[in-house]
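Visitor: Quick one: structure below, then a few questions.
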Amino acid sequence: MTTIGVVGGGIVGLAVAREILRRRPAETVIVFEKETRLGAHQTGHNSGVVHAGIYYRPGSLKAQLCTRGRDLLKEFAAEHQVPFEECGKLVVAVDESEMGRFDALEKTATENGVPGLRRVGPEEITEIEPYAAGLAALHSPRTAIIDYVAVAEALGRSVKEAGGEVRLGEEVTGIHRVTGGIEVETPVGRTRVDHLVVCGGLESDRLGELTGGPKAPRIIPFRGEYMQVSAAKQDLIRGMVYPVPDPRYPFLGVHFTRRVNGGLEVGPNAFLALSRQRYGRTSLTPRDVVDTLAWPGFWRFAAEHWRTGITELRGVLSKQAYMREAQRYVPEIGAPDVTRAGLGLRAQAVERDGSLVDDFVIHQADGITSVRNAPSPAATSSLAIAEYVVDRMS
């Protein structure tokens with residue numbers, strides 16, 4: 001019998017721990033999570049969307065694992081009584097300048113086999129979403145919403161019920177190769193394991209370096225702010241309304257999303273974050289700022305995309321500017337109808353040359369598997385990512 005350690009109590013780490021125990025019930029599995037609760041970071045600060053595979057390059061890991069993951073997640077939600085609602089999504093083009101990107105997106109979504117996908121015109125847009133506006137839209141009826149923290153908690157219970165151990169409040173500060181295994185160091189002490197899986201999210205690059213992995217890609221944190229739509233107008237949208245994304249960026253643009261609790265949110269935007277772990281609008285962690293500024297890839301990215309950064313900054317500073325863009329898609333909901341809600345942090349991997357890493361990146365060497373890049377749709381894909389990781393461990 002061997003011992004397998006998993007670093008990270010977010011949805012991906014917990015899914016990996018569960019999958020190991022499903023296949024190898026005799027193994028000892030230990031999850032190390034630095035926070036005092038599960039799903040405290042990216043898992044608990046996203047839009048709650050179960051993606052259907054519209055956006056991802058055909059043949060990429062994202063495309064493959066999103067397709068598999070959405071079905072596994074639906075089954076898991078039903079088994080564990082986690083709310084799951086297929087409320088559907090419209091991806092809307094509002095002017096002619098977007099139609100080239102729109103056509104390319106339709107081709108991508110079709111190649112990915114998005115279930116029930118169809119192209120609709122202005123009249124059908126308003127049949128599906130009476131208050132939305134646009135020239136054309138892709139309708140994805142199987143795109144769903146879920147509570148990812150509830151999923152993480154259910155995964156944690158599954159791990160413990162299968163005999164695994166979940167250690168909360170134990171931050172991994174060192175990873176040491178020793179004869180015949182690996183030692184995981186936390187403030188509590190050292191734990192010897194035979195294999196280690198690192199699912200560090202916002203800390204994945206730092207943890208990757210502790211394992212002796214490459215410096216690249218590095219994590220540049222981006223913050224995304226949400227607006228909460230007032231109760232008087234939250235029922236104007238039945239499901240989700242998204243813009244046509246810019247293929248130069250891995251961000252999907254400000255969108256309208258229903259929540260499983262009945263609320264309606266707008267967002268998130270995407271702007272450089274000054275902290276990887278804190279969620280105040282003015283939060284700043286000096287180490288995180290220094291690490292961002294010290295990475296050559298950040299400056300190359302910033303030099304190429306500074307105009308977009310200025311546009312995003314306007315939305316950060318002004319609720320009116322934020323909602324001006326959103327109103328192109330739903331004119332009836334404007335700045336007076338929303339209040340600032342929470343914000344999320346996205347771990348965006350950036351190469352030394354400034355390019356943004358779009359696909360999932362998973363490194364494996366000498367008994368250590370590191371998930372180095374797992375942005376959206378990682379939550380949707382989490383159970384499939386777990387299968388992928390455990391297949392390669394074998």
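Residues in the structure tokens are named by chain (A, B, ... in the order shown) and by number from 1 within that chain; ligands are numbered from 1 in the order shown.
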Which residues are near A:Pro245? Cut-off 12 Å, only C-alpha atoms, ignore same chain within fewer than 2 positions. Put them as a list in words.
Guide: Ile54, Tyr55, Tyr56, Val91, Val92, Ala93, Glu98, Met99, Gly100, Arg101, Phe102, Asp103, Ala104, Leu105, Glu106, Tyr242, Pro243, Pro247, Arg248, Tyr249, Pro250, Phe251, Leu252, Gly253, Val254 and His255 of chain A
Visitor: Could you list, as a ChimeraX atom specification, every residue within 10 Å of A:Gly10, counting only C-alpha atoms and ignoring same-chain residues fewer than 5 positions away?
Guide: /A:15,33,37-44,148-149,151-153,155-156,199-201,379,382
Visitor: Emit the selected residues as an mmCIF file, in the first residue's frame, including C-alpha atoms.
Guide:
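part-v2.cif was written with the following content:
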```
data_model
loop_
_atom_site.group_PDB
_atom_site.id
_atom_site.type_symbol
_atom_site.label_atom_id
_atom_site.label_comp_id
_atom_site.auth_asym_id
_atom_site.auth_seq_id
_atom_site.Cartn_x
_atom_site.Cartn_y
_atom_site.Cartn_z
ATOM 1 C CA ALA A 15 -11.636 15.577 -7.626
ATOM 2 C CA GLU A 33 -5.266 22.627 2.112
ATOM 3 C CA ARG A 37 -12.394 25.523 4.387
ATOM 4 C CA LEU A 38 -12.618 23.858 1.005
ATOM 5 C CA GLY A 39 -13.008 25.735 -2.270
ATOM 6 C CA ALA A 40 -11.909 29.020 -0.712
ATOM 7 C CA HIS A 41 -10.354 30.603 -3.798
ATOM 8 C CA GLN A 42 -11.069 30.103 -7.522
ATOM 9 C CA THR A 43 -13.628 27.367 -6.832
ATOM 10 C CA GLY A 44 -15.686 29.686 -4.649
ATOM 11 C CA TYR A 148 -19.162 24.858 -7.074
ATOM 12 C CA VAL A 149 -18.499 25.247 -3.350
ATOM 13 C CA VAL A 151 -19.538 20.416 -5.250
ATOM 14 C CA ALA A 152 -16.194 20.842 -3.456
ATOM 15 C CA GLU A 153 -17.771 20.070 -0.104
ATOM 16 C CA LEU A 155 -16.099 15.859 -3.019
ATOM 17 C CA GLY A 156 -14.449 16.377 0.366
ATOM 18 C CA CYS A 199 -3.231 21.375 -7.710
ATOM 19 C CA GLY A 200 -2.248 24.781 -6.409
ATOM 20 C CA GLY A 201 -4.406 27.142 -8.475
ATOM 21 C CA ALA A 379 -14.372 23.681 -12.580
ATOM 22 C CA SER A 382 -12.656 18.930 -12.772
#
```
Visitor: Between A:Glu127, A:Glu387, A:Asp147, A:Glu19, which is the closest to A:Arg258 once you count only C-alpha atoms?
Guide: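 Using only C-alpha atoms, A:Arg258 sits closest to A:Asp147.
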Visitor: If you count only C-alpha atoms, which residues fall within 9 Å of stretch 290-296 of chain A, apart from same-chain ones fewer than 3 positions away, as a list of chain:residue names?
Guide: A:Arg218, A:Ile219, A:Ile220, A:Pro221, A:Leu274, A:Thr285, A:Pro286, A:Arg287, A:Trp299, A:Arg300, A:Phe301, A:Val350, A:Glu351, A:Arg352, A:Asp353, A:Gly354
Visitor: Store the residues picked out above, limited to N, CA and C atoms, as a short mmCIF file (atom, residue, chain, number, x, y, z; two decimals), in the first residue's frame.
Guide:
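Saved result, again00.cif, follows:
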```
data_model
loop_
_atom_site.label_atom_id
_atom_site.label_comp_id
_atom_site.auth_asym_id
_atom_site.auth_seq_id
_atom_site.Cartn_x
_atom_site.Cartn_y
_atom_site.Cartn_z
N ARG A 218 4.56 31.32 -15.52
CA ARG A 218 4.31 31.96 -14.23
C ARG A 218 2.86 32.40 -14.16
N ILE A 219 2.36 32.48 -12.93
CA ILE A 219 0.98 32.93 -12.71
C ILE A 219 0.96 34.45 -12.57
N ILE A 220 0.14 35.09 -13.40
CA ILE A 220 -0.18 36.50 -13.23
C ILE A 220 -1.65 36.54 -12.80
N PRO A 221 -1.95 37.07 -11.62
CA PRO A 221 -3.34 37.05 -11.16
C PRO A 221 -4.16 38.18 -11.79
N LEU A 274 -3.46 42.79 -7.60
CA LEU A 274 -2.27 43.09 -6.81
C LEU A 274 -2.12 42.13 -5.63
N THR A 285 -0.76 42.67 -1.92
CA THR A 285 0.21 41.83 -1.23
C THR A 285 1.57 42.08 -1.88
N PRO A 286 2.52 42.69 -1.16
CA PRO A 286 3.79 43.08 -1.77
C PRO A 286 4.50 41.95 -2.51
N ARG A 287 4.52 40.76 -1.93
CA ARG A 287 5.22 39.65 -2.60
C ARG A 287 4.59 39.36 -3.96
N TRP A 299 5.73 42.13 -18.66
CA TRP A 299 6.01 43.39 -19.35
C TRP A 299 5.77 43.25 -20.86
N ARG A 300 6.07 42.09 -21.41
CA ARG A 300 5.81 41.88 -22.84
C ARG A 300 4.31 41.84 -23.11
N PHE A 301 3.57 41.20 -22.23
CA PHE A 301 2.11 41.18 -22.37
C PHE A 301 1.54 42.59 -22.23
N VAL A 350 1.36 32.80 -17.78
CA VAL A 350 1.97 33.63 -18.81
C VAL A 350 3.39 33.12 -19.07
N GLU A 351 3.70 32.91 -20.34
CA GLU A 351 5.04 32.45 -20.70
C GLU A 351 6.03 33.63 -20.66
N ARG A 352 7.30 33.30 -20.75
CA ARG A 352 8.36 34.32 -20.69
C ARG A 352 8.24 35.32 -21.84
N ASP A 353 7.71 34.87 -22.99
CA ASP A 353 7.59 35.77 -24.14
C ASP A 353 6.33 36.63 -24.09
N GLY A 354 5.54 36.53 -23.00
CA GLY A 354 4.35 37.35 -22.84
C GLY A 354 3.08 36.72 -23.35
#
```
Visitor: As a compact mmCIF listing (two decimals) with N, CA and C atoms, in the first residue's frame, list the residues of stretch 234-334 of chain A assigned to helix (DSSP H, G or I) by DSSP on the backbone atoms of this structure.
Guide:
```
# COMPACT_ATOMS: atom_id res chain seq x y z
N PRO A 286 2.52 42.69 -1.16
CA PRO A 286 3.79 43.08 -1.77
C PRO A 286 4.50 41.95 -2.51
N ARG A 287 4.52 40.76 -1.93
CA ARG A 287 5.22 39.65 -2.60
C ARG A 287 4.59 39.36 -3.96
N ASP A 288 3.27 39.41 -4.03
CA ASP A 288 2.59 39.11 -5.29
C ASP A 288 2.89 40.17 -6.34
N VAL A 289 2.93 41.43 -5.92
CA VAL A 289 3.24 42.52 -6.85
C VAL A 289 4.67 42.36 -7.37
N VAL A 290 5.61 42.08 -6.47
CA VAL A 290 7.01 41.92 -6.86
C VAL A 290 7.16 40.77 -7.85
N ASP A 291 6.49 39.64 -7.57
CA ASP A 291 6.59 38.48 -8.47
C ASP A 291 6.04 38.80 -9.86
N THR A 292 4.94 39.55 -9.91
CA THR A 292 4.38 39.93 -11.21
C THR A 292 5.35 40.82 -11.97
N LEU A 293 5.85 41.85 -11.31
CA LEU A 293 6.73 42.81 -11.98
C LEU A 293 8.08 42.20 -12.36
N ALA A 294 8.50 41.15 -11.65
CA ALA A 294 9.79 40.53 -11.93
C ALA A 294 9.74 39.57 -13.11
N PRO A 296 9.46 38.67 -16.85
CA PRO A 296 9.58 39.37 -18.15
C PRO A 296 8.31 39.24 -19.00
N GLY A 297 7.63 38.11 -18.88
CA GLY A 297 6.42 37.90 -19.67
C GLY A 297 5.33 38.91 -19.37
N PHE A 298 5.28 39.40 -18.12
CA PHE A 298 4.27 40.39 -17.79
C PHE A 298 4.49 41.67 -18.59
N TRP A 299 5.73 42.13 -18.66
CA TRP A 299 6.01 43.39 -19.35
C TRP A 299 5.77 43.25 -20.86
N ARG A 300 6.07 42.09 -21.41
CA ARG A 300 5.81 41.88 -22.84
C ARG A 300 4.31 41.84 -23.11
N PHE A 301 3.57 41.20 -22.23
CA PHE A 301 2.11 41.18 -22.37
C PHE A 301 1.54 42.59 -22.23
N ALA A 302 2.01 43.33 -21.21
CA ALA A 302 1.50 44.68 -20.97
C ALA A 302 1.81 45.62 -22.14
N ALA A 303 2.99 45.48 -22.72
CA ALA A 303 3.36 46.35 -23.84
C ALA A 303 2.45 46.14 -25.04
N GLU A 304 1.98 44.92 -25.22
CA GLU A 304 1.13 44.62 -26.37
C GLU A 304 -0.33 44.99 -26.12
N HIS A 305 -0.77 44.91 -24.86
CA HIS A 305 -2.21 45.02 -24.60
C HIS A 305 -2.56 46.18 -23.66
N TRP A 306 -1.74 47.22 -23.60
CA TRP A 306 -1.99 48.30 -22.65
C TRP A 306 -3.29 49.04 -22.95
N ARG A 307 -3.68 49.12 -24.21
CA ARG A 307 -4.93 49.82 -24.53
C ARG A 307 -6.13 49.09 -23.93
N THR A 308 -6.11 47.76 -24.00
CA THR A 308 -7.19 46.99 -23.38
C THR A 308 -7.19 47.18 -21.88
N GLY A 309 -6.00 47.28 -21.29
CA GLY A 309 -5.91 47.52 -19.85
C GLY A 309 -6.55 48.83 -19.44
N ILE A 310 -6.38 49.87 -20.24
CA ILE A 310 -6.99 51.16 -19.93
C ILE A 310 -8.51 51.05 -20.00
N THR A 311 -9.02 50.35 -21.01
CA THR A 311 -10.47 50.14 -21.12
C THR A 311 -11.01 49.41 -19.91
N GLU A 312 -10.32 48.36 -19.48
CA GLU A 312 -10.76 47.61 -18.30
C GLU A 312 -10.68 48.46 -17.04
N LEU A 313 -9.67 49.32 -16.95
CA LEU A 313 -9.53 50.18 -15.78
C LEU A 313 -10.73 51.12 -15.64
N ARG A 314 -11.25 51.60 -16.76
CA ARG A 314 -12.44 52.46 -16.68
C ARG A 314 -13.59 51.73 -16.00
N GLY A 315 -13.77 50.46 -16.32
CA GLY A 315 -14.82 49.68 -15.69
C GLY A 315 -14.58 49.42 -14.22
N VAL A 316 -13.31 49.31 -13.83
CA VAL A 316 -12.98 49.14 -12.42
C VAL A 316 -13.33 50.40 -11.63
N LEU A 317 -13.04 51.56 -12.22
CA LEU A 317 -13.23 52.82 -11.51
C LEU A 317 -14.67 53.33 -11.55
N LYS A 319 -18.82 52.43 -12.24
CA LYS A 319 -19.93 51.50 -12.46
C LYS A 319 -20.65 51.82 -13.77
N GLN A 320 -20.71 53.09 -14.11
CA GLN A 320 -21.37 53.51 -15.36
C GLN A 320 -20.61 52.95 -16.57
N ALA A 321 -19.28 53.06 -16.53
CA ALA A 321 -18.48 52.54 -17.63
C ALA A 321 -18.59 51.02 -17.71
N TYR A 322 -18.60 50.37 -16.57
CA TYR A 322 -18.73 48.91 -16.51
C TYR A 322 -20.03 48.47 -17.18
N MET A 323 -21.14 49.13 -16.84
CA MET A 323 -22.45 48.71 -17.34
C MET A 323 -22.72 49.21 -18.76
N ARG A 324 -21.98 50.22 -19.21
CA ARG A 324 -22.19 50.73 -20.57
C ARG A 324 -21.96 49.61 -21.59
N GLU A 325 -20.93 48.81 -21.36
CA GLU A 325 -20.65 47.70 -22.27
C GLU A 325 -21.71 46.61 -22.13
N ALA A 326 -22.10 46.31 -20.90
CA ALA A 326 -23.09 45.25 -20.67
C ALA A 326 -24.44 45.60 -21.28
```
Visitor: Applying 12 Å and only C-alpha atoms, which residues near A:Leu21 remain after dropping the ones on its own chain fewer than 4 positions away? List them as a ChimeraX atom specification.
Guide: /A:2-6,14-17,25-31,155-156,158-165,386-387,390
Visitor: What are the DSSP strand (DSSP E or B) residues of stretch 230-273 of chain A, as a list of chain:residue names?
Guide: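 Matching residues, listed in order: A:Met240, A:Val241, A:Tyr242, A:Pro243, A:His255, A:Phe256, A:Thr257, A:Arg258, A:Leu264, A:Glu265, A:Val266, A:Gly267, A:Phe271, A:Leu272.
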Visitor: Give me the residues near stretch 363-372 of chain A as a list in words, where near means some atom within 8 Å (using only C-alpha atoms) and where sequence neighbours in that chain fewer than 4 positions away do not count.
Guide: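 Non-adjacent residues within range: Gly181, Asp194, His195, Leu196, Val197, Val198, Cys199, Gly200, Gly201, Ser204, Asp205, Gly208, Thr211, Pro217, Ala349, Val389 and Met393 of chain A.
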Visitor: For the selection just defined, write its residues with all heavy atoms to a file, as a compact mmCIF listing (two decimals), in the first residue's frame.
Guide:
```
# COMPACT_ATOMS: atom_id res chain seq x y z
N GLY A 181 10.85 8.26 -1.88
CA GLY A 181 9.59 8.98 -1.77
C GLY A 181 9.75 10.49 -1.77
O GLY A 181 10.76 11.03 -2.24
N ASP A 194 4.40 8.62 -1.31
CA ASP A 194 5.05 7.94 -2.42
C ASP A 194 4.85 8.66 -3.75
O ASP A 194 5.67 8.56 -4.66
CB ASP A 194 4.52 6.50 -2.53
CG ASP A 194 4.81 5.70 -1.29
OD1 ASP A 194 5.97 5.32 -1.09
OD2 ASP A 194 3.88 5.49 -0.49
N HIS A 195 3.74 9.35 -3.86
CA HIS A 195 3.44 10.15 -5.06
C HIS A 195 2.73 11.41 -4.59
O HIS A 195 2.00 11.40 -3.60
CB HIS A 195 2.54 9.37 -6.03
CG HIS A 195 2.48 9.99 -7.39
ND1 HIS A 195 3.11 9.45 -8.50
CD2 HIS A 195 1.88 11.11 -7.85
CE1 HIS A 195 2.90 10.20 -9.56
NE2 HIS A 195 2.15 11.23 -9.19
N LEU A 196 2.95 12.50 -5.33
CA LEU A 196 2.35 13.78 -4.96
C LEU A 196 1.69 14.40 -6.18
O LEU A 196 2.28 14.42 -7.28
CB LEU A 196 3.43 14.73 -4.42
CG LEU A 196 2.92 16.06 -3.86
CD1 LEU A 196 2.09 15.85 -2.59
CD2 LEU A 196 4.10 16.99 -3.55
N VAL A 197 0.47 14.90 -6.00
CA VAL A 197 -0.23 15.64 -7.05
C VAL A 197 -0.44 17.06 -6.53
O VAL A 197 -1.02 17.26 -5.45
CB VAL A 197 -1.59 15.00 -7.40
CG1 VAL A 197 -2.26 15.77 -8.53
CG2 VAL A 197 -1.42 13.54 -7.77
N VAL A 198 0.02 18.05 -7.29
CA VAL A 198 -0.04 19.45 -6.87
C VAL A 198 -1.09 20.17 -7.71
O VAL A 198 -0.95 20.29 -8.93
CB VAL A 198 1.33 20.13 -7.02
CG1 VAL A 198 1.25 21.59 -6.55
CG2 VAL A 198 2.39 19.38 -6.22
N CYS A 199 -2.14 20.63 -7.05
CA CYS A 199 -3.23 21.38 -7.71
C CYS A 199 -3.36 22.71 -6.99
O CYS A 199 -4.31 22.94 -6.22
CB CYS A 199 -4.53 20.59 -7.65
SG CYS A 199 -4.44 18.92 -8.31
N GLY A 200 -2.40 23.59 -7.22
CA GLY A 200 -2.25 24.78 -6.41
C GLY A 200 -2.99 26.01 -6.86
O GLY A 200 -2.94 27.04 -6.18
N GLY A 201 -3.63 25.99 -8.03
CA GLY A 201 -4.41 27.14 -8.48
C GLY A 201 -3.57 28.40 -8.57
O GLY A 201 -2.60 28.49 -9.32
N SER A 204 0.11 27.80 -8.14
CA SER A 204 0.63 26.63 -8.85
C SER A 204 2.07 26.81 -9.32
O SER A 204 2.85 25.85 -9.35
CB SER A 204 -0.27 26.29 -10.03
OG SER A 204 -0.33 27.36 -10.96
N ASP A 205 2.46 28.04 -9.71
CA ASP A 205 3.84 28.23 -10.16
C ASP A 205 4.82 28.12 -9.01
O ASP A 205 5.89 27.50 -9.14
CB ASP A 205 3.98 29.57 -10.90
CG ASP A 205 3.51 30.77 -10.08
OD1 ASP A 205 2.80 30.58 -9.06
OD2 ASP A 205 3.83 31.91 -10.46
N GLY A 208 5.00 24.60 -8.03
CA GLY A 208 5.73 23.88 -9.07
C GLY A 208 7.23 24.02 -8.92
O GLY A 208 7.98 23.07 -9.13
N THR A 211 8.70 21.77 -6.32
CA THR A 211 8.90 20.39 -6.76
C THR A 211 10.13 20.25 -7.65
O THR A 211 10.47 19.13 -8.05
CB THR A 211 7.67 19.89 -7.55
OG1 THR A 211 7.60 20.55 -8.82
CG2 THR A 211 6.39 20.11 -6.78
N PRO A 217 5.32 28.10 -17.09
CA PRO A 217 4.77 29.46 -17.07
C PRO A 217 4.60 29.98 -15.65
O PRO A 217 4.51 29.21 -14.70
CB PRO A 217 3.41 29.28 -17.76
CG PRO A 217 3.00 27.88 -17.39
CD PRO A 217 4.28 27.09 -17.37
N ALA A 349 -1.74 31.77 -16.45
CA ALA A 349 -0.35 31.43 -16.73
C ALA A 349 0.16 32.23 -17.92
O ALA A 349 -0.52 32.34 -18.94
CB ALA A 349 -0.22 29.93 -16.99
N VAL A 389 -5.43 12.95 -14.93
CA VAL A 389 -4.26 12.92 -14.05
C VAL A 389 -4.00 11.50 -13.54
O VAL A 389 -2.85 11.01 -13.57
CB VAL A 389 -4.45 13.90 -12.87
CG1 VAL A 389 -3.42 13.65 -11.78
CG2 VAL A 389 -4.37 15.34 -13.34
N MET A 393 -0.80 8.91 -13.85
CA MET A 393 -0.11 8.40 -12.68
C MET A 393 0.10 6.89 -12.79
O MET A 393 1.11 6.35 -12.38
CB MET A 393 -0.90 8.71 -11.42
CG MET A 393 -0.84 10.15 -10.96
SD MET A 393 -2.01 10.46 -9.60
CE MET A 393 -1.48 9.21 -8.42
```
Visitor: Could you state the separation of atom CA of A:Glu332 and atom CA of A:Tyr279 in Å, given to one decimal place?
Guide: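 That distance, rounded to one decimal, is 29.5 Å.
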